[in-house]
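With PDB, C-alpha atoms and all ligand atoms inside, this is structure.pdb:
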MODEL        1
ATOM      1  CA  MET A  12      19.500 -21.684  13.103
ATOM      2  CA  LYS A  13      20.705 -18.902  15.366
ATOM      3  CA  LEU A  14      19.270 -15.568  14.286
ATOM      4  CA  THR A  15      21.903 -12.896  14.684
ATOM      5  CA  THR A  16      20.956 -10.136  12.249
ATOM      6  CA  ILE A  17      17.666  -8.322  11.916
ATOM      7  CA  GLY A  18      17.098  -6.511   8.636
ATOM      8  CA  ILE A  19      14.676  -3.602   8.755
ATOM      9  CA  ILE A  20      12.915  -2.113   5.741
ATOM     10  CA  GLY A  21      11.472   1.206   6.866
ATOM     11  CA  ALA A  22      13.280   3.348   9.422
ATOM     12  CA  GLY A  23      10.424   5.509  10.651
ATOM     13  CA  HIS A  24       8.611   5.473  13.985
ATOM     14  CA  ILE A  25       8.288   1.705  14.205
ATOM     15  CA  GLY A  26      11.367   0.575  12.281
ATOM     16  CA  SER A  27      13.703   2.731  14.374
ATOM     17  CA  GLN A  28      12.128   1.519  17.611
ATOM     18  CA  ILE A  29      12.475  -2.121  16.591
ATOM     19  CA  ALA A  30      16.101  -1.360  15.739
ATOM     20  CA  ARG A  31      16.640  -0.005  19.272
ATOM     21  CA  LEU A  32      15.098  -3.108  20.832
ATOM     22  CA  ALA A  33      17.104  -5.394  18.559
ATOM     23  CA  VAL A  34      20.431  -3.759  19.393
ATOM     24  CA  ALA A  35      19.578  -3.726  23.097
ATOM     25  CA  ASN A  36      19.017  -7.482  22.865
ATOM     26  CA  GLY A  37      22.316  -8.231  21.164
ATOM     27  CA  TYR A  38      21.261  -8.456  17.520
ATOM     28  CA  ASN A  39      23.051  -6.883  14.611
ATOM     29  CA  VAL A  40      20.778  -4.505  12.728
ATOM     30  CA  VAL A  41      20.814  -3.525   9.062
ATOM     31  CA  ILE A  42      18.268  -0.770   8.529
ATOM     32  CA  SER A  43      16.978   0.930   5.392
ATOM     33  CA  ASN A  44      14.567   3.555   4.160
ATOM     34  CA  SER A  45      13.484   4.831   0.743
ATOM     35  CA  ARG A  46      15.943   7.726   0.491
ATOM     36  CA  GLY A  47      19.201   5.816   0.945
ATOM     37  CA  PRO A  48      21.620   4.731   3.688
ATOM     38  CA  GLU A  49      23.360   8.116   3.881
ATOM     39  CA  THR A  50      20.145   9.633   5.278
ATOM     40  CA  LEU A  51      20.258   7.251   8.259
ATOM     41  CA  SER A  52      23.607   8.336   9.742
ATOM     42  CA  THR A  53      22.112   9.967  12.846
ATOM     43  CA  LEU A  54      20.044   6.889  13.692
ATOM     44  CA  VAL A  55      22.939   4.528  13.032
ATOM     45  CA  ALA A  56      25.225   6.626  15.240
ATOM     46  CA  GLU A  57      22.654   6.415  18.018
ATOM     47  CA  LEU A  58      22.281   2.644  17.582
ATOM     48  CA  GLY A  59      26.024   2.075  17.796
ATOM     49  CA  PRO A  60      28.448  -0.458  16.350
ATOM     50  CA  LYS A  61      25.950  -3.299  16.010
ATOM     51  CA  ALA A  62      23.964  -1.300  13.438
ATOM     52  CA  ARG A  63      24.543  -0.190   9.898
ATOM     53  CA  ALA A  64      22.423   1.357   7.173
ATOM     54  CA  ALA A  65      21.862  -0.174   3.756
ATOM     55  CA  THR A  66      19.448  -0.113   0.857
ATOM     56  CA  ALA A  67      16.234  -2.081   1.240
ATOM     57  CA  ILE A  68      17.804  -4.849  -0.845
ATOM     58  CA  GLY A  69      20.878  -4.803   1.403
ATOM     59  CA  ALA A  70      18.767  -5.029   4.561
ATOM     60  CA  ALA A  71      16.711  -7.851   3.049
ATOM     61  CA  GLU A  72      19.866  -9.746   2.084
ATOM     62  CA  ALA A  73      21.585  -9.261   5.443
ATOM     63  CA  GLY A  74      18.694 -10.134   7.745
ATOM     64  CA  ASP A  75      18.186 -13.617   9.139
ATOM     65  CA  ILE A  76      14.782 -12.211   9.949
ATOM     66  CA  VAL A  77      13.485  -9.055   8.264
ATOM     67  CA  VAL A  78      10.988  -6.470   9.445
ATOM     68  CA  VAL A  79       8.850  -4.620   6.895
ATOM     69  CA  SER A  80       7.583  -1.343   8.333
ATOM     70  CA  VAL A  81       6.617   0.980   5.513
ATOM     71  CA  PRO A  82       3.439   2.827   4.545
ATOM     72  CA  LEU A  83       1.250   0.031   3.163
ATOM     73  CA  LYS A  84       0.925   1.763  -0.222
ATOM     74  CA  ASN A  85       4.608   0.865  -0.795
ATOM     75  CA  TYR A  86       4.441  -2.831   0.013
ATOM     76  CA  ARG A  87       5.003  -3.863  -3.596
ATOM     77  CA  LYS A  88       8.385  -2.107  -3.509
ATOM     78  CA  VAL A  89       9.674  -4.536  -0.868
ATOM     79  CA  PRO A  90      12.349  -6.661  -2.584
ATOM     80  CA  VAL A  91      11.165 -10.207  -3.249
ATOM     81  CA  GLU A  92      14.158 -12.349  -4.155
ATOM     82  CA  PRO A  93      16.427 -11.558  -1.159
ATOM     83  CA  LEU A  94      13.564 -12.377   1.206
ATOM     84  CA  ALA A  95      12.918 -15.811  -0.281
ATOM     85  CA  GLY A  96      12.453 -18.409   2.453
ATOM     86  CA  LYS A  97      12.982 -15.908   5.273
ATOM     87  CA  ILE A  98      10.810 -14.919   8.202
ATOM     88  CA  VAL A  99       9.364 -11.492   7.394
ATOM     89  CA  ILE A 100       7.667  -9.527  10.158
ATOM     90  CA  ASP A 101       4.942  -7.244   8.852
ATOM     91  CA  THR A 102       4.002  -4.218  10.982
ATOM     92  CA  ASP A 103       1.916  -2.464   8.340
ATOM     93  CA  ASN A 104      -1.595  -1.114   8.679
ATOM     94  CA  TYR A 105      -4.083   0.227   6.170
ATOM     95  CA  TYR A 106      -4.967   3.904   6.281
ATOM     96  CA  PRO A 107      -6.791   4.846   3.050
ATOM     97  CA  GLU A 108      -6.108   8.547   3.654
ATOM     98  CA  ARG A 109      -2.377   7.758   3.537
ATOM     99  CA  ASP A 110      -2.294   4.645   1.363
ATOM    100  CA  GLY A 111      -5.070   5.388  -1.108
ATOM    101  CA  HIS A 112      -7.960   2.967  -1.463
ATOM    102  CA  ILE A 113      -7.051  -0.685  -1.918
ATOM    103  CA  PRO A 114     -10.307  -2.340  -3.074
ATOM    104  CA  GLU A 115      -9.562  -5.816  -1.716
ATOM    105  CA  LEU A 116      -8.996  -4.314   1.738
ATOM    106  CA  ASP A 117     -12.042  -2.057   1.493
ATOM    107  CA  ASN A 118     -14.237  -5.051   0.659
ATOM    108  CA  GLU A 119     -12.308  -7.238   3.123
ATOM    109  CA  THR A 120     -11.635 -10.085   0.725
ATOM    110  CA  THR A 121      -8.093 -10.074   2.083
ATOM    111  CA  THR A 122      -5.987  -8.550   4.855
ATOM    112  CA  THR A 123      -2.869  -6.401   4.865
ATOM    113  CA  SER A 124      -0.453  -9.180   5.747
ATOM    114  CA  GLU A 125      -1.974 -11.527   3.166
ATOM    115  CA  LEU A 126      -1.200  -8.873   0.557
ATOM    116  CA  LEU A 127       2.440  -8.828   1.666
ATOM    117  CA  GLN A 128       2.510 -12.639   1.732
ATOM    118  CA  ALA A 129       1.186 -12.731  -1.849
ATOM    119  CA  HIS A 130       3.940 -10.294  -2.841
ATOM    120  CA  LEU A 131       6.562 -12.472  -1.078
ATOM    121  CA  PRO A 132       5.316 -15.955  -2.014
ATOM    122  CA  THR A 133       8.146 -18.012  -0.502
ATOM    123  CA  SER A 134       8.751 -15.859   2.574
ATOM    124  CA  LYS A 135       7.180 -16.699   5.920
ATOM    125  CA  VAL A 136       5.208 -13.591   6.760
ATOM    126  CA  VAL A 137       4.254 -13.038  10.386
ATOM    127  CA  LYS A 138       2.065 -10.124  11.340
ATOM    128  CA  ALA A 139       3.387  -8.416  14.493
ATOM    129  CA  PHE A 140       3.893  -5.012  16.131
ATOM    130  CA  ASN A 141       0.984  -3.519  14.154
ATOM    131  CA  HIS A 142      -1.150  -2.539  17.149
ATOM    132  CA  ILE A 143       1.350  -0.919  19.508
ATOM    133  CA  TYR A 144       2.278   2.755  19.296
ATOM    134  CA  ALA A 145       5.902   3.241  18.402
ATOM    135  CA  ALA A 146       6.815   4.994  21.673
ATOM    136  CA  ALA A 147       5.351   2.139  23.728
ATOM    137  CA  LEU A 148       7.698  -0.381  22.136
ATOM    138  CA  THR A 149      10.607   0.802  24.262
ATOM    139  CA  ALA A 150       8.461   1.837  27.246
ATOM    140  CA  ASP A 151       6.111  -1.094  27.881
ATOM    141  CA  GLY A 152       8.394  -4.123  27.720
ATOM    142  CA  GLN A 153       8.916  -6.150  30.909
ATOM    143  CA  PRO A 154      10.826  -9.336  31.737
ATOM    144  CA  ALA A 155       9.105 -12.674  31.197
ATOM    145  CA  GLY A 156       6.830 -13.567  34.095
ATOM    146  CA  ALA A 157       6.204  -9.945  35.152
ATOM    147  CA  LYS A 158       2.711  -9.391  36.526
ATOM    148  CA  ASN A 159       0.316  -7.948  33.935
ATOM    149  CA  ARG A 160       2.989  -8.059  31.245
ATOM    150  CA  ARG A 161       1.865  -6.464  28.005
ATOM    151  CA  ALA A 162       1.062  -8.880  25.179
ATOM    152  CA  LEU A 163       1.237  -8.421  21.426
ATOM    153  CA  VAL A 164      -0.651 -10.300  18.720
ATOM    154  CA  ILE A 165       0.953 -12.328  15.990
ATOM    155  CA  ALA A 166      -0.655 -14.046  13.008
ATOM    156  CA  GLY A 167       0.952 -16.222  10.380
ATOM    157  CA  ASP A 168       0.749 -19.403   8.368
ATOM    158  CA  ASP A 169       4.103 -20.934   9.336
ATOM    159  CA  LYS A 170       4.336 -22.499  12.778
ATOM    160  CA  ASP A 171       8.127 -22.309  13.065
ATOM    161  CA  ALA A 172       8.206 -18.693  11.907
ATOM    162  CA  LYS A 173       5.636 -17.823  14.557
ATOM    163  CA  ALA A 174       7.724 -19.590  17.193
ATOM    164  CA  GLY A 175      10.733 -17.506  16.131
ATOM    165  CA  VAL A 176       8.771 -14.266  16.359
ATOM    166  CA  THR A 177       7.301 -15.291  19.712
ATOM    167  CA  HIS A 178      10.852 -15.755  21.014
ATOM    168  CA  LEU A 179      11.846 -12.335  19.670
ATOM    169  CA  LEU A 180       8.841 -10.679  21.289
ATOM    170  CA  ASP A 181       9.681 -12.333  24.590
ATOM    171  CA  GLN A 182      13.240 -10.977  24.372
ATOM    172  CA  PHE A 183      11.818  -7.528  23.588
ATOM    173  CA  GLY A 184       9.650  -7.679  26.719
ATOM    174  CA  PHE A 185       6.247  -8.875  25.564
ATOM    175  CA  ASP A 186       3.990 -11.896  25.835
ATOM    176  CA  THR A 187       2.472 -13.175  22.601
ATOM    177  CA  VAL A 188      -1.090 -13.996  21.635
ATOM    178  CA  ASP A 189      -1.396 -16.047  18.462
ATOM    179  CA  ALA A 190      -4.454 -14.977  16.459
ATOM    180  CA  GLY A 191      -4.007 -17.904  14.061
ATOM    181  CA  PRO A 192      -3.286 -17.811  10.323
ATOM    182  CA  LEU A 193      -2.819 -14.592   8.341
ATOM    183  CA  THR A 194      -6.500 -14.672   7.363
ATOM    184  CA  GLU A 195      -7.309 -13.902  11.010
ATOM    185  CA  GLY A 196      -5.115 -10.785  11.066
ATOM    186  CA  TRP A 197      -8.164  -8.557  10.612
ATOM    187  CA  ARG A 198      -8.960  -9.189  14.284
ATOM    188  CA  ILE A 199      -6.216  -6.736  15.215
ATOM    189  CA  GLN A 200      -6.589  -4.293  12.343
ATOM    190  CA  ARG A 201      -7.313  -0.562  12.699
ATOM    191  CA  ASP A 202     -10.386   0.226  14.864
ATOM    192  CA  THR A 203     -10.600  -3.154  16.595
ATOM    193  CA  PRO A 204     -10.645  -3.270  20.435
ATOM    194  CA  GLY A 205      -7.046  -4.498  20.770
ATOM    195  CA  TYR A 206      -5.604  -1.906  18.382
ATOM    196  CA  GLY A 207      -3.558   0.539  20.440
ATOM    197  CA  PRO A 208      -4.205   0.076  24.142
ATOM    198  CA  ARG A 209      -1.951  -1.752  26.567
ATOM    199  CA  ARG A 210      -3.333  -5.247  27.040
ATOM    200  CA  THR A 211      -2.318  -8.402  28.850
ATOM    201  CA  ALA A 212      -2.560 -11.705  27.002
ATOM    202  CA  GLU A 213      -5.895 -12.506  28.610
ATOM    203  CA  GLU A 214      -7.355  -9.107  27.694
ATOM    204  CA  LEU A 215      -6.029  -9.334  24.184
ATOM    205  CA  ARG A 216      -7.589 -12.761  23.644
ATOM    206  CA  ARG A 217     -10.943 -11.234  24.620
ATOM    207  CA  ASP A 218     -10.346  -8.339  22.241
ATOM    208  CA  LEU A 219      -9.622 -10.707  19.373
ATOM    209  CA  ALA A 220     -12.773 -12.699  20.107
ATOM    210  CA  THR A 221     -14.995  -9.592  20.078
ATOM    211  CA  ALA A 222     -13.373  -7.876  17.076
ATOM    212  CA  LYS A 223     -15.676  -6.921  14.217
ATOM    213  CA  ARG A 224     -14.834  -6.469  10.567
ATOM    214  CA  TYR A 225     -15.172  -2.945   9.151
ATOM    215  CA  ALA A 226     -18.504  -3.770   7.529
ATOM    216  CA  ASP A 227     -19.997  -4.922  10.841
ATOM    217  CA  GLN A 228     -18.831  -1.978  12.959
TER     218      GLN A 228
HETATM  219  N1  LIG B 301       3.578   4.810  14.085
HETATM  220  C1  LIG B 301       3.069   3.842  14.819
HETATM  221  O1  LIG B 301       2.917   3.991  16.067
HETATM  222  C2  LIG B 301       2.691   2.529  14.185
HETATM  223  C3  LIG B 301       2.320   1.485  15.033
HETATM  224  C4  LIG B 301       2.084   0.218  14.499
HETATM  225  C5  LIG B 301       2.147   0.013  13.132
HETATM  226  N2  LIG B 301       2.447   1.070  12.298
HETATM  227  C6  LIG B 301       2.482   0.777  10.851
HETATM  228  O2  LIG B 301       3.830   0.430  10.535
HETATM  229  C7  LIG B 301       4.192   0.997   9.256
HETATM  230  C8  LIG B 301       5.311   1.997   9.476
HETATM  231  O3  LIG B 301       4.808   3.036  10.311
HETATM  232  P1  LIG B 301       5.721   4.250  10.794
HETATM  233  O4  LIG B 301       4.864   5.078  11.684
HETATM  234  O5  LIG B 301       7.008   3.724  11.276
HETATM  235  O6  LIG B 301       5.918   5.015   9.414
HETATM  236  P2  LIG B 301       6.877   6.251   9.100
HETATM  237  O7  LIG B 301       7.360   6.872  10.374
HETATM  238  O8  LIG B 301       6.171   7.080   8.095
HETATM  239  O9  LIG B 301       8.143   5.546   8.408
HETATM  240  C9  LIG B 301       8.019   4.858   7.207
HETATM  241  C10 LIG B 301       9.396   4.400   6.805
HETATM  242  O10 LIG B 301       9.270   3.593   5.637
HETATM  243  C11 LIG B 301      10.282   3.970   4.728
HETATM  244  N3  LIG B 301       9.914   3.567   3.390
HETATM  245  C12 LIG B 301       8.877   3.983   2.641
HETATM  246  N4  LIG B 301       8.879   3.348   1.454
HETATM  247  C13 LIG B 301       9.951   2.523   1.475
HETATM  248  C14 LIG B 301      10.494   1.627   0.541
HETATM  249  N5  LIG B 301       9.918   1.437  -0.654
HETATM  250  N6  LIG B 301      11.630   0.952   0.878
HETATM  251  C15 LIG B 301      12.229   1.137   2.065
HETATM  252  N7  LIG B 301      11.739   1.976   2.997
HETATM  253  C16 LIG B 301      10.616   2.654   2.698
HETATM  254  C17 LIG B 301      10.398   5.469   4.905
HETATM  255  O11 LIG B 301      11.608   5.917   4.353
HETATM  256  P3  LIG B 301      11.766   7.446   3.842
HETATM  257  O12 LIG B 301      11.530   8.305   5.041
HETATM  258  O13 LIG B 301      13.167   7.498   3.334
HETATM  259  O14 LIG B 301      10.727   7.614   2.767
HETATM  260  C18 LIG B 301      10.355   5.546   6.431
HETATM  261  O15 LIG B 301      11.624   5.282   6.958
HETATM  262  C19 LIG B 301       2.923   1.635   8.703
HETATM  263  O16 LIG B 301       2.278   0.723   7.850
HETATM  264  C20 LIG B 301       2.100   1.928   9.951
HETATM  265  O17 LIG B 301       0.714   1.968   9.675
HETATM  266  C21 LIG B 301       2.737   2.313  12.805
ENDMDL
END
Represent the structure from my file as C-alpha cells, please.
Ligand SMILES: NC(=O)c1ccc[n+]([C@@H]2O[C@H](COP(=O)([O-])OP(=O)(O)OC[C@H]3O[C@@H](n4cnc5c(N)ncnc54)[C@H](OP(=O)(O)O)[C@@H]3O)[C@@H](O)[C@H]2O)c1
Amino acid sequence: MKLTTIGIIGAGHIGSQIARLAVANGYNVVISNSRGPETLSTLVAELGPKARAATAIGAAEAGDIVVVSVPLKNYRKVPVEPLAGKIVIDTDNYYPERDGHIPELDNETTTTSELLQAHLPTSKVVKAFNHIYAAALTADGQPAGAKNRRALVIAGDDKDAKAGVTHLLDQFGFDTVDAGPLTEGWRIQRDTPGYGPRRTAEELRRDLATAKRYADQ
C-alpha cells in the first residue's frame, strides 16, 4: 500500500516538526491538538496546501500512518477505533514531573510504547523520534549514504510496520537502528546514553547495548 497521508496527534514541538518533514517529502498531513483545529491555522498556513487541521479523531481517520506525540499522561485519550490496524508512531517519553507518576513505568514492569500498544490493541505501534530534540529533526537530516549520517532508534513488534517506519525515516534524512520489540524500548528511554545526542548507527548500537534501566543507574 502506498502511504500518502500522515495523521498527527499532537501539534507541539515534535508533531509540528514531523509535519514539516512530511510535507517536504510529499506527504499530505492532517494534524491535530487538544484545543481544536481552529487553533492550528498559523501552522497549517505555514505547512501549505498539503496540510490541514482536524480533531484527533479526524487525524487518526485520515492517516495511512499516524504519529502520536502528546504528553504521555494523555495517551489514553488517543482515539482507538480509527487507528485499528494502522501503523502508529509513538514519540512519547515519560517525565513524572509532567505526566504524574505511572507505577508500572516507575517499577519498569512495562515501557511507554507498550502502554500505548495496550491502549491500541490492533494498531502496529512503532517507537520512533523519542530521543531527538525537536529542532534537530529539521536540522540533522542528510541524504542516504551521507558520511556519519545521524541514526534514530525504532522498536516495535510488527516487522512490516518497522519496515514502513524505516523507509519514512530514510526519506526524512536518517538511518535507522532497530532496538527490537517494544519491550526493548527502555534502551532509548530518558537518561540512557543514546537519548538526545547526535549519533551514527554504529554509535547508537553501542549506546543501546550499554543502556541501563532506571533502577540500575
Ligand atoms: N520536545 C522534544 O524535543 C521531544 C523530543 C522527543 C520526544 N518528545 C516527546 O514527544 C511528546 C510530545 O512532545 P512535545 O515537546 O512535542 O510536546 P508539546 O510541545 O507540549 O506538544 C504536545 C502536543 O500534544 C497535544 N495534545 C495534548 N493532549 C492531546 C490530546 N488528548 N489529543 C490531541 N492532542 C493532544 C497538545 O495540544 P494542545 O496544545 O492543544 O493541548 C500539543 O499540541 C512528549 O511525550 C515528549 O516527551 C519530545
Ground truth for the PyMOL selection byres (((chain A and resi 23) around 12) and not hetatm), written as an NGL selection string: :A and (19-22 or 24-31 or 42-46 or 50-51 or 54 or 79-82 or 102-103 or 145-146)
Å distance separating CA of Lys170 in chain A from CA of Ala139 in chain A, one decimal place: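 Between CA of Lys170 in chain A and CA of Ala139 in chain A the gap works out to 14.2 Å.
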7 Å contact set for Val40 in chain A, only C-alpha atoms, chain neighbours under 3 positions out, as a ChimeraX atom specification: /A:16-18,30,33-34,61-63
Within 12 Å of Ala157 in chain A using all atoms listed in the file, minus same-chain residues under 4 positions, as number ranges by chain: A: 151-153, 161-162, 181, 184-186, 211
Prev. selection, C-alpha atoms, output as a CSV table (one decimal), in the frame of the given file:
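Output (again_38.csv):
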chain,number,residue,atom,x,y,z
A,151,ASP,CA,6.1,-1.1,27.9
A,152,GLY,CA,8.4,-4.1,27.7
A,153,GLN,CA,8.9,-6.2,30.9
A,161,ARG,CA,1.9,-6.5,28.0
A,162,ALA,CA,1.1,-8.9,25.2
A,181,ASP,CA,9.7,-12.3,24.6
A,184,GLY,CA,9.6,-7.7,26.7
A,185,PHE,CA,6.2,-8.9,25.6
A,186,ASP,CA,4.0,-11.9,25.8
A,211,THR,CA,-2.3,-8.4,28.8
Residues matched by the PyMOL selection byres (((chain A and resi 72-76) around 6) and not hetatm), written as a list in words: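 So the PyMOL selection byres (((chain A and resi 72-76) around 6) and not hetatm), applied here, picks out Leu14, Thr16, Ile17, Gly18, Gly69, Ala70, Ala71, Val77, Pro93 and Ile98 of chain A.
Nearest residue to ligand LIG 301 (chain B) among A:Gly156, A:Gly37, A:Pro107, A:Gly59 is A:Pro107, counting all atoms listed in the file.
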Chain and number of each residue from the PyMOL selection byres (((chain A and resi 228) around 12) and not hetatm), as a ChimeraX atom specification: /A:201-204,221-227
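The nearest approach to Ala35 in chain A among the residues A:Tyr106, A:Thr66, A:Gln182, A:Pro132, with all atoms listed in the file taken into account, belongs to A:Gln182.
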Selected residue of minimal separation from Ile199 in chain A among A:Leu32, A:Val176, A:Leu131, A:Ala220, counting all atoms listed in the file: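 Comparing A:Leu32, A:Val176, A:Leu131, A:Ala220 against Ile199 in chain A, the winner is A:Ala220.
Our summary of the geometry notes that CA of Ser124 in chain A is positioned 23.0 Å from CA of Glu214 in chain A.
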Put the listed atoms of ligand LIG 301 (chain B) in a box along x, y and z with 8 Å added on every side and give me the centre and edge lengths in Å to one decimal, as AutoDock Vina command-line options.
--center_x 6.9 --center_y 4.2 --center_z 7.7 --size_x 28.5 --size_y 24.3 --size_z 32.7
Selected residue, from A:Thr122, A:Asn141, A:Gln128, A:Asn39, that lies nearest to Trp197 in chain A when counting only C-alpha atoms: A:Thr122
Leu83 in chain A surroundings by only C-alpha atoms, 9 Å radius, close-in-sequence under 5 positions cut, as number ranges by chain: A: 103-106, 109-110, 123
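Proximity of A:Leu127, A:Ala147, A:Ala166, A:Val55 to ligand LIG 301 (chain B), computed with all atoms listed in the file, is greatest for A:Ala147.
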10 Å contact set for Glu125 in chain A, all atoms listed in the file, chain neighbours under 3 positions out, as number ranges by chain: A: 101, 121-122, 128-132, 136-138, 167-168, 192-196
Contacts of Tyr144 in chain A at 10 Å (all atoms listed in the file; same-chain gap of 5+ positions) as a count of residues only: 7
